[in-house]
Structure formats: C-alpha cells, structure tokens
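Visitor: Below you will find the structure I want to go over with you.
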Amino acid sequence: MTMPVVRTTRSTCPYCGVGCGVLIDSEGTGAEARITGVRGDPAHPANAGRLCTKGSTLHLTATPGVRQRQRYLNPAWRAARGEPLQPSDWETTHRQVADRLLALRAAHGPDAIGFYISGQLLTEDYHAFNKLARGLVGTNHIDSNSRLCMSAAVAGYKQSLGADAPPTCYEDLEQADCLFIAGANTAWAHPILFRRIEAARAQRPGMKIIVVDPRRTETAEFADLHLALKPGTDVALFHGMLHACIWEGWIDSAFIERHTAGFEALKALVRTMTPAESARLTGLAESEILQAAQWFAQSRAALSLYCMGLNQSSSGTAKNTALINLHLATGQIGRPGAGPFSLTGQPNAMGGRETGGMATLLPGHRDPADAAHRQEVADLWGVPHLPDRPGKTAIEMFQAAARGEIKALWIACTNPAQSLPDQALVRAALARCEFVILQEAFSGTETAAFADVILPAATWAEKDGTVTNSERCISRVRAALAPVGEARADWCIVRDIARRMALTLRPEGPDLFAWDGPEDLWMEHREATRGRDLDITGLSYPMLDQSPRQWPWPEGATAATARLYEDGRFAHADGRARFIAKPFMPTAETQDARYPIALSTGRLRDQWHGMSRTGTVASLFAGEPAPLLRMHPADMVRRRLETGSLVRVQSRRGALIVALGADEQVGLQRAWLPMHWGSEFLGGRGLLGINALTQPAFCPDARQPELKFAAVSVEAVDLPWRIVGAAWVPPGEAVILRSQLRALMAEADYACCLPVPTPVNASATATANAKAKANDNDNDNDNDNDNAVATTPDEREGWSLELAFAEPPPASLVMALSTVLGLTGSGVLRYADGRRGRSRALRLEGEGDQACLQALLRIGEGREAAWLDALWRERTPVAPFGRRLLAPDSAQSLPHLSPQVCNCFNLREDAIRACLQRSPVGTDEAQRLAALQAELHCGTQCGSCLPALRRLVRLAAPSPSPLPLPSPLNPSPTSDLPAKESS
C-alpha cells in the first residue's frame, strides 16, 4: 500500500500580531488534499517553534468538515432582505455587484459607498481595496477594524516620534531591566511573547516587571508591582510618574535638550499632577507611583508594552503619548531594551497601516490631508488625483449609513454586527443600507444576515501573500491547499469587480488592476514606500521566501534596522521627538447611581475576536465553556447577587443577560466580560451580544472607540423557567444542528448556544458505543437504538442550548426543539409532570453498562434535573443511575466539572491539584512546577497554561491536605450539578 506523501508548507499564523511562523503539514492532491497538522516554525524569529493554544489548533479550523460545512463555497445573492441566499456564479456576481455599485455612485456620488475591511487581510488584499476605493470609486470612506484596536497607537507614534513606526523589537524583551506592561494581558493576548518574558525573567531574576491593569490578570500576577488603577486613569498615572521623575531628578536632561521639543509645556502641565494627586485620581498608593517611576527611570533599560487597555479609550492617543513622554524624558528609547512598544492586536494590522488601508492614512505612511502626498500616490497609481474629502472612520461610517448618507457598504473579513460598539446603531445602519456586500470565508456570522451578496473568500492555508507583525517584520503567507469550493483570494475578488467597474469609469485609461498574482500587488506597494520611513525597496518576494525581514530595508541595504532612532534623530522634519502635553480627561461616560459599575471587556486565552474561526474548534471552549460576567464577591453580596444566577447588565445603550461569577481579581464596583460573546452565542429576545453595552464615543485624534469602559447596572433577573437541550451528532450534522438551535434563541428571554468539547474520558466510551452500534446493525428488530451515534470522539460534535423564560415556555418551542434534537418518535425515554410543567426527554446510545446520553431535553423551574447535563457533557455511562434518570425531583450528586487548564494534554484543574498534593513536602514553587510538568506534561507544549499552573502551585499546600482549595482559574466555578451550585 502506497503511503500518502506529506508536504510541509511554511506560513504565518492568522491570529494576533506576534506573527508566529507555522509549518503546515498536508497530504493528497486536488479536492482530496487535506491538512494533517500544524507546528511552530523553529526558523521563524517571532516564535522559534512555539505556538499558543489557538495557533497549535489551527489545523482543526481547516479540516475537510469545516471547509465543506462551515465555509462559504459559492457566491450567493438575496432577492430581498430576510429571504434565503441563492447560489450564483462568479461571472454573474461580478457583473451584478459592479452594476449596483455604479448605479449608486451615479445617483449619489462616490461618497455613498464605504469599505470596511480587516486587519486580518494580507498586505496585498489591503492594497487592492485601497486602490479600488480611492483610485477608482473616488472615495476616502475606507477603514479597517484595526480602528478598533490600533489607531490610537498609530496617532501616538506619529504625534510623538513623527512616524507610525514601533522603535523596538522582540529581542528587547531579553535586554530590558524594567518591563512596564500597560493595558495588556500579555499572558493571554500574546502568549508567545509572554513565554519570552518568562524566559527572560528566569535568566535575569533582577528584571523588574510592572503591570498597569485595573484587573489582576495572569500577567499582573507575574509582576513585581501591580498598579490596579481605576479604569481610564492611565494619563493621571503617567503624569504622576513624570512629576516624580522631574522632582527626583530622574530625567535625562541632556537627551531632552538634544533630541526633543516641547518639554517645558509638558513640565508646566504635570506640575500639579503630584504623586499624591495622581494617587487620588487613580486609586493607587502614592508609594506605588513613586516606586514605578523610580524603576522605570533608573533602570538601565526600560521597555513598555501596551495594547487595548490604552488604545480602546476616548483618550487613547493621550494615553499613548503620555507613556511615550516618560520614555523621552528619561532617555529610555533608541537603545537595546528600551522604548515604547505597541503590541499589535491583529495579524496584519501593521500591513494595513503600511498600505494606507484606513481613512486617516495613505500608502507609505502618507497623510490624506496632505495634497502633495495625495498626488504622490495618484502618480504611482496612474490616476489624475485622489479624493480630497476626509474619509469616515469605522464608527462614523456606520453612523452615516444609519442616517442614510452611505448607501453601500463593502465589508471584508470582519463582523461589524458583533465587534463594533453600540450594536443597536450598527444593525440599524446595516438594515438601512441599500446594498451590503460581505466578503467572508466562514459562514454564520451576525453580519451575514444583513448581506445582499456573499463573496466567498479564501482564508488561512489557502492564501498567498505577506503580513507584517508588531516588530515591523514582514513574513510570507503561503497556501497549503487550493481554496475550497469557488472561494477566491480577496485581492482577486476585488480585481475582477474593479475591472468591470473600470469599463464604465475609465473606458480609455490603462488597466489599474493588471495583477496576475499577489507579487504584482506587493511590488506596487513596495514602490509606494520608496524614500519613506518604512522603505522596503530593497526587499523582494524571493528574499522573503528565504526568511522574514524587518523594515526599513531600502534599496542597497544588507540588513534590517532592528531598533529605530538609535542616532537620536526622530521622524519629525527637524529630527526632534515631541513631548505631547495633553491633560488627564475622565472616561466619556461616568458611573452614577443608575449605572454604578465600570464594565471592561477583554480577551480569553483560547478564543479570537468574534470566534468565526476559533468557534469551529470545540476544544478551545474547554477553558471557558460559557459566557460569564465576573464581579468582586463583595459587590455581589452588596447587591444580593448569587454565583451562577442570571443577571441583566444594562448600559445607556442596551442590555445583556448573562450568568454571573465571583472573582476577587476584579476590583470593587467593576465587572469584566470577554469581548467574544456576540449574539451568535449569547442572546435572547432583542439582545444583541456584548457590544450592545459598549459605547461609540471615540478618541478625537485616533477615532478609536472606548470599548474598554462602559458604565452599567447589574441586577438579578427573574427567569425561573429553563430549557436545556443538547446532543452529540456526527460532524456532518453539527452545522445543521448549530443553525437550527440558533434559530430558536430569539424566542427566549435569555439564550446561550455553545459547542461542547469532547470529554477527556470519551475514548473508551466511544469505542464501546461503536461496538454496541455494530451489534445493533446486526439486529434490525431492535428499534431502541436506531438513532444511536457510533463514532470515535474525533468524529462527533456536541452542541447545547440553554433558554430561560419568565413564564412557562410555549409548547410550540418545546416541540420545535424536540424535533431539532431528534427527541421525537420511538426510542426516547420520557418523564413529564404536567402539573408542575416539568419534563425530560433522553436518548441513549450504546448498550448495557456502556450506554450514555446522546441527546437530552429538560424543562422546568430552576435547576431541576440539572445533574443530567453533566452526564451528557461527560458522556458518563448511565447504568448506575437507573430509574433516577426519570424520577421526579431526582437530585443526584456527581463530581464537580473541573475547568480545563491545559488544552494540549486535556488536563483539568482537579487532576493538576491532585498531582500537586503528591509533591514532596518542602519543595519550592519552581521544583513543584517542574515535578508537575514531569508527571503530567502540562505547560510543556504551547505553554499557554503556565500562568495558571504557577497560580495553582502557589495556592497548593506543601503537603497533602483534605481541604479543597479555591479555584484560581474559575474563582466561582459554575457547574450543572446541584451538589455544587453553578452554571
């Protein structure tokens, strides 16, 4: 038998801006080609072979099942809003899209068309969209979802240093004596960089780490000093630190004199921001502010890392420049281990900035407000001129669409009906828009419901081009497989529609879109950088094929410039950096008696954005299996709120109902909720996901919205009636099941629809069930198991739906859900109590001692029979429970479902605790961690769970103890077991 030939393709991870290299293993050819695995690329400078949990499961987002059943395979049109999509072909689609856009442009002008694109596009894709929008359509209304994550960093760099160019590199992590992490949970958002931080600390224990974050995150726990400031008060902190540096003589006067301008104005501004005043505004101790200032200023090299906590703010640019002011005042810039380092949120947000793919940018770091810059780009593109009207940024674009000013929106590789703030306005804008184009790879996003046309796009493992990471390093992205179905590269889709439009708009002109491959677009982009601060005219595709390269790399260069401004000359015309004197401003809205809680959003370790990609991998839900609002236990007691109960979170814009958990890591009068939970997963009647709560107020300089702060109320909600339905099905049925379950969410007051990871102990059960099914197939007279599912764990998927109601649920909904779950007809075990409105329906798979629940539906008040959920989820054999499965009021104690810690080795917290209890008495934390890893291997592969493991090691007793310890990963664990109340 001939063994299939395995190919290995070098590419880049499509998640965060670290830019990790990956090796994609694949086999087969043509339609039979498939990816068999993914590994970290040991030759890539960003990650040296490491991958986080998301990166290490990338191959699971490109399985044959996902590609065939969770991807758009053909262009599709809707005859009218609300009607189903109808498949089409590319030729017809190109013509219809071009004709519709031309008609709207002719009737309303070019500014009636807007483009909303993504930091996950490749540089070549960005170039295509920008040239279409500005060079052909004639509008500056093109913006990226990078507006939501990086625009304040862009504005801050430009104001302070003269160019949007991060002056540092990853090697500075090993060179820094003081690491100042502000508004970034690096351990979760950029795990591979955090591995480098851990290694640097191990090599140099004297390194000081300061973390600025209102919440005590996994990153904060690793710090020498955690500054748990009040949300939104970063400028007051940085100004207080600068005041201390000036007062104590910790500034570098010579550097200030030779290389900067504007210091006297800033000095006057911070004169009144004493450490005492800073402490009053931030809620910190004055001694903490002084300590942070001293470590930062007096260290040989201070490196700052910052991300969304600074950027997603109505004062985002001021926060960025206030931090850069500290670097300039103390001379902590332009040398190894020192400088302000903005961590990029998306894989190619930097490439989008380079190509000018945002309303406030032009290619090559040019300014659309500068007539000379506009003409330079026009000449490069071969068009007479570029539009001079200011383009609308993301929030402004959707506001204009809601007013009826923008008639058409072309949305690519992003999901604004989940990710933008003030969802009521966003969805009103999409509904009013006359023509919505969605260019997308994955099916089922919220935005798709508003789309008039779907353009199926290629995605990771099918694309070819380049991306630029946080340290200005350009990497090649390569295709391991052909695009699935009729999907095409994003730039290719743009090219073909643009050419049709050009027949009308430029009938006599040369072809602006004469591209045969991605390298053609990249060469045009490269030319736009000539003579600019990001000059890459010395690079080529063949050079990038050899290895990733940092910019700038001008023609004639032989090496990259790892660090910028080492000569003390900055990118402003006079060579001097600017101190930016902006006063501290409070958040755009404030807490009051009606909205007393400060809500912040953030990332989960194992999820990405709106989860259109990570949501296809059930195992990534193991660590955080359901949405949970976290609050301090004292706040919960004060408001008479209980762990596991449903609460209504209300802001000035909208509401959300979600389960509640206690977490001492969240400060008083604060709450925290992951950013990922859109209405695909968390909803109910009239509820629009997490961003129904967030506010569209934005930074005046960066136009970046304040997603990190919203004033809310949190109140108990009385929804006693619950329905829980769940089923394990073959993968071919899972997408249909998901769609059918989601269709029922809007009929309840609260709804949560989620995939469920295959349980760790399912292998033996599945094997036994397969044998049982085989026996069943030999006995056609046995109808009880006709619908049993007989597959291995990797071949089945689980989905669950929880609904809550103020009144007993309608019978029509119960019947609809029963049908969806296959709990009608014969072979179903049933219990019903009509007087109390309780009922259960169960279907078993397998036989005898190995029979377990394949599907369940339970209805009742409160948590009646909730223990069955755990039986289903864990695929536990039901034989020991016998008649109790259908007995009234049958509470049953089962082991608590411990949260998963290590995804790579499927290790839960209880197993890790048990191992730690066996550690020898007297060993220190490092030895205990080493012993844990030696026995269970957790934290030895991707390392993403190391912060959690260290916390468990710290909390564990040095000798065996019969008393359970509080869970550090889930301080208020929620389970479906009545013995241990949770959700």
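By order of appearance in the structure tokens: chains A, B, ..., then residues from 1 within every chain, and ligands from 1 in the order shown.
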Residues near region 822-836 of chain A, anyone? I mean within 6 Å using only C-alpha atoms, not counting same-chain ones fewer than 5 positions away, as a list in words.
Guide: Asp784, Ala841, Leu842, Arg843 and Leu886 of chain A
Visitor: Take the residues from that selection and put them in a file with N, CA, C and O atoms, as a PDB file, in the first residue's frame.
Guide:
ATOM      1  N   ASP A 784     -34.789   0.509  19.523  1.00  0.00           N
ATOM      2  CA  ASP A 784     -34.445   1.468  20.562  1.00  0.00           C
ATOM      3  C   ASP A 784     -33.171   2.234  20.254  1.00  0.00           C
ATOM      4  O   ASP A 784     -32.931   3.296  20.804  1.00  0.00           O
ATOM      5  N   ALA A 841     -36.661  14.502  28.226  1.00  0.00           N
ATOM      6  CA  ALA A 841     -36.602  13.535  27.129  1.00  0.00           C
ATOM      7  C   ALA A 841     -35.146  13.178  26.943  1.00  0.00           C
ATOM      8  O   ALA A 841     -34.285  14.067  26.834  1.00  0.00           O
ATOM      9  N   LEU A 842     -34.857  11.880  26.898  1.00  0.00           N
ATOM     10  CA  LEU A 842     -33.483  11.407  26.816  1.00  0.00           C
ATOM     11  C   LEU A 842     -33.371  10.343  25.736  1.00  0.00           C
ATOM     12  O   LEU A 842     -34.258   9.515  25.570  1.00  0.00           O
ATOM     13  N   ARG A 843     -32.292  10.400  24.992  1.00  0.00           N
ATOM     14  CA  ARG A 843     -31.999   9.314  24.063  1.00  0.00           C
ATOM     15  C   ARG A 843     -30.623   8.764  24.413  1.00  0.00           C
ATOM     16  O   ARG A 843     -29.665   9.517  24.567  1.00  0.00           O
ATOM     17  N   LEU A 886     -35.344   9.243  35.261  1.00  0.00           N
ATOM     18  CA  LEU A 886     -36.688   9.757  35.000  1.00  0.00           C
ATOM     19  C   LEU A 886     -37.491   9.958  36.277  1.00  0.00           C
ATOM     20  O   LEU A 886     -38.704  10.214  36.213  1.00  0.00           O
TER      21      LEU A 886
END
Visitor: Could you give me, as an NGL selection string, the residues within 8 Å of Ala655 (chain A), counting only C-alpha atoms and dropping anything in the same chain fewer than 2 positions from it?
Guide: :A and (648-651 or 653 or 657 or 687 or 692-693)
Visitor: Next, the residues of the selection above should be written as a PDB file, in the first residue's frame with N, CA, C and O atoms.
Guide:
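result24.pdb written:
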ATOM      1  N   ARG A 648     -29.125  40.892  34.597  1.00  0.00           N
ATOM      2  CA  ARG A 648     -29.287  41.822  33.488  1.00  0.00           C
ATOM      3  C   ARG A 648     -28.234  42.913  33.631  1.00  0.00           C
ATOM      4  O   ARG A 648     -28.184  43.607  34.653  1.00  0.00           O
ATOM      5  N   VAL A 649     -27.400  43.038  32.624  1.00  0.00           N
ATOM      6  CA  VAL A 649     -26.394  44.094  32.578  1.00  0.00           C
ATOM      7  C   VAL A 649     -26.936  45.165  31.638  1.00  0.00           C
ATOM      8  O   VAL A 649     -27.198  44.896  30.464  1.00  0.00           O
ATOM      9  N   GLN A 650     -27.112  46.377  32.162  1.00  0.00           N
ATOM     10  CA  GLN A 650     -27.760  47.449  31.399  1.00  0.00           C
ATOM     11  C   GLN A 650     -26.836  48.645  31.302  1.00  0.00           C
ATOM     12  O   GLN A 650     -26.289  49.113  32.305  1.00  0.00           O
ATOM     13  N   SER A 651     -26.605  49.115  30.078  1.00  0.00           N
ATOM     14  CA  SER A 651     -25.870  50.364  29.879  1.00  0.00           C
ATOM     15  C   SER A 651     -26.831  51.408  29.322  1.00  0.00           C
ATOM     16  O   SER A 651     -28.025  51.153  29.176  1.00  0.00           O
ATOM     17  N   ARG A 653     -27.037  52.238  26.406  1.00  0.00           N
ATOM     18  CA  ARG A 653     -27.337  51.915  25.011  1.00  0.00           C
ATOM     19  C   ARG A 653     -28.100  50.613  24.833  1.00  0.00           C
ATOM     20  O   ARG A 653     -28.803  50.437  23.838  1.00  0.00           O
ATOM     21  N   ILE A 657     -28.238  39.776  29.078  1.00  0.00           N
ATOM     22  CA  ILE A 657     -28.459  38.851  30.190  1.00  0.00           C
ATOM     23  C   ILE A 657     -27.393  37.784  30.120  1.00  0.00           C
ATOM     24  O   ILE A 657     -27.141  37.195  29.061  1.00  0.00           O
ATOM     25  N   LEU A 687     -31.832  40.846  22.334  1.00  0.00           N
ATOM     26  CA  LEU A 687     -30.487  41.030  22.883  1.00  0.00           C
ATOM     27  C   LEU A 687     -29.445  40.838  21.773  1.00  0.00           C
ATOM     28  O   LEU A 687     -29.557  39.924  20.968  1.00  0.00           O
ATOM     29  N   ALA A 692     -23.806  45.344  22.596  1.00  0.00           N
ATOM     30  CA  ALA A 692     -24.992  46.167  22.849  1.00  0.00           C
ATOM     31  C   ALA A 692     -24.720  47.142  23.985  1.00  0.00           C
ATOM     32  O   ALA A 692     -25.369  48.180  24.100  1.00  0.00           O
ATOM     33  N   LEU A 693     -23.731  46.805  24.847  1.00  0.00           N
ATOM     34  CA  LEU A 693     -23.440  47.609  26.036  1.00  0.00           C
ATOM     35  C   LEU A 693     -22.399  48.690  25.777  1.00  0.00           C
ATOM     36  O   LEU A 693     -22.434  49.753  26.396  1.00  0.00           O
TER      37      LEU A 693
END
Visitor: With only C-alpha atoms as the counted atoms, please give the residues lying no more than 8 Å from Thr587 (chain A), apart from itself and same-chain residues fewer than 6 positions off, as an NGL selection string.
Guide: :A and (232 or 313-315 or 709)
Visitor: Can you work out which one of A:Asp718, A:Glu624, A:Glu519, A:Glu797 has the shortest atom-to-atom distance to Glu124 (chain A), counting only C-alpha atoms?
Guide: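 So, comparing all the options, the nearest one is A:Glu519.
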Visitor: Compile the contact shell of region 515-517 of chain A as a list in words: residues with an atom at most 12 Å away, counting only C-alpha atoms, same-chain residues fewer than 3 positions apart removed.
Guide: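 Everything that qualifies: Glu124, Asp125, His127, Ala128, Lys463, Asp464, Gly465, Ala489, Asp490, Trp491, Cys492, Ile493, Val494, Arg495, Asp496, Ala498, Arg499, Asp511, Leu512, Asp520, Leu521, Trp522, Met523, Glu524 and Tyr541 of chain A.
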Visitor: Using DSSP on the backbone coordinates, identify the residues of region 127-283 of chain A assigned to alpha helix (DSSP H); present them as a PyMOL selection string.
Guide: chain A and resi 127-130+151-161+172-175+186-189+191-203+218-221+234-248+253-259+263-270+275-282
Visitor: Mind dumping a table of every region 586-678 of chain A residue within 12 Å of region 933-953 of chain A, with the nearest atom pair and its distance in Å to one decimal, using only C-alpha atoms, sorted by chain and rising number, as a tab-separated table?
Guide:
residue	atom	partner	partner_atom	distance
A:Leu604	CA	A:Ser944	CA	11.4
A:Arg605	CA	A:Ser944	CA	7.7
A:Asp606	CA	A:Ser944	CA	8.9
A:Gly623	CA	A:Cys945	CA	9.9
Visitor: Take the residues from that selection and write them out as a CSV table (one decimal), in the first residue's frame, keeping C-alpha atoms.
Guide:
chain,number,residue,atom,x,y,z
A,604,LEU,CA,-9.9,35.0,26.6
A,605,ARG,CA,-6.8,32.9,26.3
A,606,ASP,CA,-8.2,30.4,23.8
A,623,GLY,CA,-11.1,26.5,29.5
Visitor: With DSSP run on the backbone, what are the strand (DSSP E or B) residues within region 695-768 of chain A? I'd like them as an mmCIF file with N, CA and C atoms, in the first residue's frame.
Guide:
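Written file, selection19.cif:
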data_model
loop_
_atom_site.group_PDB
_atom_site.id
_atom_site.type_symbol
_atom_site.label_atom_id
_atom_site.label_comp_id
_atom_site.auth_asym_id
_atom_site.auth_seq_id
_atom_site.Cartn_x
_atom_site.Cartn_y
_atom_site.Cartn_z
ATOM 1 N N PHE A 698 -15.422 58.147 20.913
ATOM 2 C CA PHE A 698 -14.076 57.794 20.469
ATOM 3 C C PHE A 698 -13.078 58.910 20.730
ATOM 4 N N PRO A 705 -12.861 53.841 19.353
ATOM 5 C CA PRO A 705 -13.920 53.870 20.367
ATOM 6 C C PRO A 705 -13.456 53.359 21.728
ATOM 7 N N ALA A 710 -17.560 51.039 30.035
ATOM 8 C CA ALA A 710 -18.971 51.386 29.935
ATOM 9 C C ALA A 710 -19.557 51.361 31.339
ATOM 10 N N ALA A 711 -20.314 52.375 31.664
ATOM 11 C CA ALA A 711 -21.000 52.398 32.959
ATOM 12 C C ALA A 711 -22.274 51.563 32.847
ATOM 13 N N VAL A 712 -22.448 50.608 33.755
ATOM 14 C CA VAL A 712 -23.577 49.685 33.670
ATOM 15 C C VAL A 712 -24.200 49.476 35.045
ATOM 16 N N SER A 713 -25.391 48.957 35.021
ATOM 17 C CA SER A 713 -26.012 48.411 36.227
ATOM 18 C C SER A 713 -26.056 46.899 36.076
ATOM 19 N N VAL A 714 -26.002 46.205 37.199
ATOM 20 C CA VAL A 714 -26.084 44.741 37.203
ATOM 21 C C VAL A 714 -27.144 44.349 38.221
ATOM 22 N N GLU A 715 -28.197 43.734 37.747
ATOM 23 C CA GLU A 715 -29.318 43.384 38.615
ATOM 24 C C GLU A 715 -29.761 41.951 38.352
ATOM 25 N N ALA A 716 -30.274 41.319 39.389
ATOM 26 C CA ALA A 716 -30.817 39.974 39.234
ATOM 27 C C ALA A 716 -32.032 40.022 38.319
ATOM 28 N N TRP A 721 -37.924 29.775 34.594
ATOM 29 C CA TRP A 721 -38.191 28.632 33.724
ATOM 30 C C TRP A 721 -37.010 28.411 32.784
ATOM 31 N N ARG A 722 -36.514 27.180 32.786
ATOM 32 C CA ARG A 722 -35.330 26.868 31.984
ATOM 33 C C ARG A 722 -35.611 25.696 31.043
ATOM 34 N N ILE A 723 -35.015 25.817 29.873
ATOM 35 C CA ILE A 723 -34.944 24.695 28.939
ATOM 36 C C ILE A 723 -33.476 24.464 28.638
ATOM 37 N N VAL A 724 -33.053 23.228 28.734
ATOM 38 C CA VAL A 724 -31.706 22.850 28.313
ATOM 39 C C VAL A 724 -31.835 21.703 27.338
ATOM 40 N N GLY A 725 -31.269 21.911 26.144
ATOM 41 C CA GLY A 725 -31.254 20.861 25.130
ATOM 42 C C GLY A 725 -29.846 20.666 24.627
ATOM 43 N N ALA A 726 -29.489 19.408 24.342
ATOM 44 C CA ALA A 726 -28.129 19.121 23.908
ATOM 45 C C ALA A 726 -28.105 17.804 23.157
ATOM 46 N N ALA A 727 -27.110 17.698 22.260
ATOM 47 C CA ALA A 727 -26.980 16.449 21.502
ATOM 48 C C ALA A 727 -25.560 16.302 20.991
ATOM 49 N N TRP A 728 -25.119 15.041 20.947
ATOM 50 C CA TRP A 728 -23.883 14.667 20.250
ATOM 51 C C TRP A 728 -24.281 14.143 18.888
ATOM 52 N N VAL A 729 -23.656 14.693 17.830
ATOM 53 C CA VAL A 729 -24.024 14.278 16.476
ATOM 54 C C VAL A 729 -22.757 14.118 15.636
ATOM 55 N N TYR A 750 -33.599 34.732 27.528
ATOM 56 C CA TYR A 750 -32.149 34.525 27.592
ATOM 57 C C TYR A 750 -31.826 33.276 26.813
ATOM 58 N N ALA A 751 -30.704 33.305 26.076
ATOM 59 C CA ALA A 751 -30.304 32.133 25.314
ATOM 60 C C ALA A 751 -28.794 32.063 25.246
ATOM 61 N N CYS A 752 -28.282 30.844 25.328
ATOM 62 C CA CYS A 752 -26.844 30.611 25.202
ATOM 63 C C CYS A 752 -26.652 29.316 24.411
ATOM 64 N N CYS A 753 -26.023 29.423 23.244
ATOM 65 C CA CYS A 753 -25.854 28.281 22.348
ATOM 66 C C CYS A 753 -24.370 28.079 22.115
ATOM 67 N N LEU A 754 -23.857 26.896 22.486
ATOM 68 C CA LEU A 754 -22.412 26.691 22.511
ATOM 69 C C LEU A 754 -22.013 25.294 22.044
ATOM 70 N N PRO A 755 -20.831 25.198 21.402
ATOM 71 C CA PRO A 755 -20.256 23.874 21.163
ATOM 72 C C PRO A 755 -19.672 23.327 22.454
ATOM 73 N N VAL A 756 -19.557 22.028 22.530
ATOM 74 C CA VAL A 756 -19.072 21.382 23.748
ATOM 75 C C VAL A 756 -17.882 20.501 23.393
#
Visitor: Skipping near chain neighbours, those fewer than 5 positions away, what residues fall within 10 Å of Ala80 (chain A) using only C-alpha atoms, listed as a PyMOL selection string?
Guide: chain A and resi 85+451-452
Visitor: Would you list the contacts of His259 (chain A) as a ChimeraX atom specification, taking every protein, DNA or RNA residue within 12 Å and counting only C-alpha atoms, but skipping same-chain residues closer than 5 positions in sequence?
Guide: /A:160-161,252-254,328-331,333-334,565-572,574-579
Visitor: How about saving the chosen residues, N, CA, C and O atoms kept, as a compact mmCIF listing (two decimals), in the first residue's frame?
Guide:
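Wrote it out as again_30.txt, contents follow:
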# COMPACT_ATOMS: atom_id res chain seq x y z
N SER A 160 4.20 61.87 18.63
CA SER A 160 5.39 61.94 19.48
C SER A 160 6.69 61.77 18.70
O SER A 160 7.63 62.54 18.87
N LEU A 161 6.74 60.75 17.84
CA LEU A 161 8.01 60.38 17.20
C LEU A 161 8.08 60.77 15.73
O LEU A 161 9.15 60.73 15.14
N ASP A 252 16.53 62.61 31.97
CA ASP A 252 17.77 62.73 31.21
C ASP A 252 17.77 64.09 30.51
O ASP A 252 17.32 64.23 29.37
N SER A 253 18.26 65.09 31.21
CA SER A 253 18.21 66.46 30.70
C SER A 253 18.98 66.62 29.40
O SER A 253 18.56 67.36 28.50
N ALA A 254 20.12 65.94 29.29
CA ALA A 254 20.91 66.06 28.07
C ALA A 254 20.15 65.51 26.87
O ALA A 254 20.16 66.11 25.78
N LEU A 328 10.78 59.50 26.61
CA LEU A 328 11.59 60.61 26.13
C LEU A 328 12.24 61.37 27.29
O LEU A 328 13.41 61.76 27.22
N ALA A 329 11.49 61.58 28.35
CA ALA A 329 12.02 62.37 29.48
C ALA A 329 13.16 61.65 30.19
O ALA A 329 14.06 62.30 30.75
N THR A 330 13.14 60.33 30.18
CA THR A 330 14.17 59.57 30.89
C THR A 330 15.22 58.99 29.93
O THR A 330 16.11 58.25 30.37
N GLY A 331 15.10 59.30 28.65
CA GLY A 331 16.04 58.78 27.67
C GLY A 331 15.93 57.30 27.43
O GLY A 331 16.87 56.67 26.94
N ILE A 333 14.84 55.21 25.20
CA ILE A 333 14.41 54.98 23.83
C ILE A 333 15.65 54.97 22.94
O ILE A 333 16.66 55.61 23.24
N GLY A 334 15.58 54.21 21.85
CA GLY A 334 16.65 54.23 20.87
C GLY A 334 17.88 53.44 21.27
O GLY A 334 18.97 53.69 20.75
N TYR A 565 15.78 55.04 15.74
CA TYR A 565 16.16 56.25 16.49
C TYR A 565 17.38 56.04 17.39
O TYR A 565 17.56 56.75 18.37
N GLU A 566 18.21 55.08 17.04
CA GLU A 566 19.41 54.87 17.85
C GLU A 566 20.39 56.05 17.73
O GLU A 566 21.22 56.27 18.61
N ASP A 567 20.26 56.82 16.64
CA ASP A 567 21.11 58.00 16.49
C ASP A 567 20.49 59.25 17.12
O ASP A 567 21.06 60.34 17.03
N GLY A 568 19.33 59.08 17.77
CA GLY A 568 18.68 60.22 18.42
C GLY A 568 17.92 61.12 17.46
O GLY A 568 17.38 62.14 17.89
N ARG A 569 17.86 60.76 16.19
CA ARG A 569 17.13 61.56 15.23
C ARG A 569 15.78 60.90 14.96
O ARG A 569 15.71 59.73 14.54
N PHE A 570 14.72 61.67 15.18
CA PHE A 570 13.36 61.13 15.05
C PHE A 570 12.77 61.53 13.71
O PHE A 570 13.39 62.23 12.90
N ALA A 571 11.54 61.08 13.43
CA ALA A 571 10.97 61.20 12.10
C ALA A 571 10.31 62.54 11.83
O ALA A 571 9.85 62.78 10.70
N HIS A 572 10.21 63.42 12.80
CA HIS A 572 9.74 64.78 12.52
C HIS A 572 10.76 65.50 11.64
O HIS A 572 11.95 65.15 11.63
N ASP A 574 12.36 68.19 11.82
CA ASP A 574 13.56 68.74 12.47
C ASP A 574 14.36 67.69 13.21
O ASP A 574 15.36 68.00 13.87
N GLY A 575 13.94 66.43 13.13
CA GLY A 575 14.68 65.35 13.78
C GLY A 575 14.43 65.22 15.27
O GLY A 575 15.01 64.35 15.92
N ARG A 576 13.56 66.05 15.82
CA ARG A 576 13.30 66.02 17.27
C ARG A 576 11.96 65.34 17.57
O ARG A 576 10.96 65.56 16.87
N ALA A 577 11.97 64.55 18.62
CA ALA A 577 10.71 63.99 19.12
C ALA A 577 9.93 65.08 19.83
O ALA A 577 10.50 66.09 20.27
N ARG A 578 8.64 64.90 19.95
CA ARG A 578 7.77 65.89 20.56
C ARG A 578 7.21 65.37 21.89
O ARG A 578 6.68 64.26 21.95
N PHE A 579 7.33 66.18 22.93
CA PHE A 579 6.55 65.93 24.14
C PHE A 579 5.13 66.45 23.88
O PHE A 579 4.95 67.59 23.45
Visitor: Could you name the residues that touch Leu362 (chain A) at 10 Å or less, counting only C-alpha atoms, but leaving out those on the same chain fewer than 2 positions away, as a list in words?
Guide: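 These residues fall inside the cut-off: Asn130, Arg134, Asn140, Gly352, Arg353, Glu354, Thr355, Gly356, Gly357, Met358, Ala359, Thr360, Gly364, His365, Arg366, Asp367, Pro368, Ala369, Asp370, His373, Arg374, Val377 and Ala528 of chain A.
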Visitor: When you draw a straight line from CA of Ala559 (chain A) to CA of Ser11 (chain A), how long is it in Å?
Guide: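 Here the two named atoms are 22.1 Å from each other.
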Visitor: Between CA of Val617 (chain A) and CA of Arg69 (chain A), what is the distance, to one decimal in Å?
Guide: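 Pair CA of Val617 (chain A) / CA of Arg69 (chain A) returns 13.3 Å.
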Visitor: Find, counting only C-alpha atoms, the residue in A:Gly109, A:Gln203, A:Pro231, A:Leu58 that gets nearest to Ser619 (chain A).
Guide: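 Comparing A:Gly109, A:Gln203, A:Pro231, A:Leu58 against Ser619 (chain A), the winner is A:Leu58.
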Visitor: Which is closest to Phe621 (chain A) among A:Cys902, A:Leu305, A:Met636, A:Ala581, if we use only C-alpha atoms?
Guide: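 The shortest atom-to-atom distance to Phe621 (chain A) comes from A:Cys902.
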Visitor: Nearest to Leu620 (chain A) among A:Cys904, A:Cys413, A:Leu420, A:Ile210, with distances taken over only C-alpha atoms: which residue is it?
Guide: A:Cys904
Visitor: What is the distance between CA of Gln294 (chain A) and CA of Ala244 (chain A), in Å to one decimal?
Guide: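 Separating CA of Gln294 (chain A) from CA of Ala244 (chain A) is a distance of 8.2 Å.
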Visitor: Can you work out which one of A:His141, A:Arg526, A:Lys319, A:Lys267 has the shortest atom-to-atom distance to Tyr157 (chain A), counting only C-alpha atoms?
Guide: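 The shortest atom-to-atom distance to Tyr157 (chain A) comes from A:Lys319.
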Visitor: Return the single residue from A:Gly556, A:Gly837, A:Gly21, A:Gly391 that is closest to Gly138 (chain A), with distances computed using only C-alpha atoms.
Guide: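 For Gly138 (chain A), the nearest of the given residues is A:Gly391.
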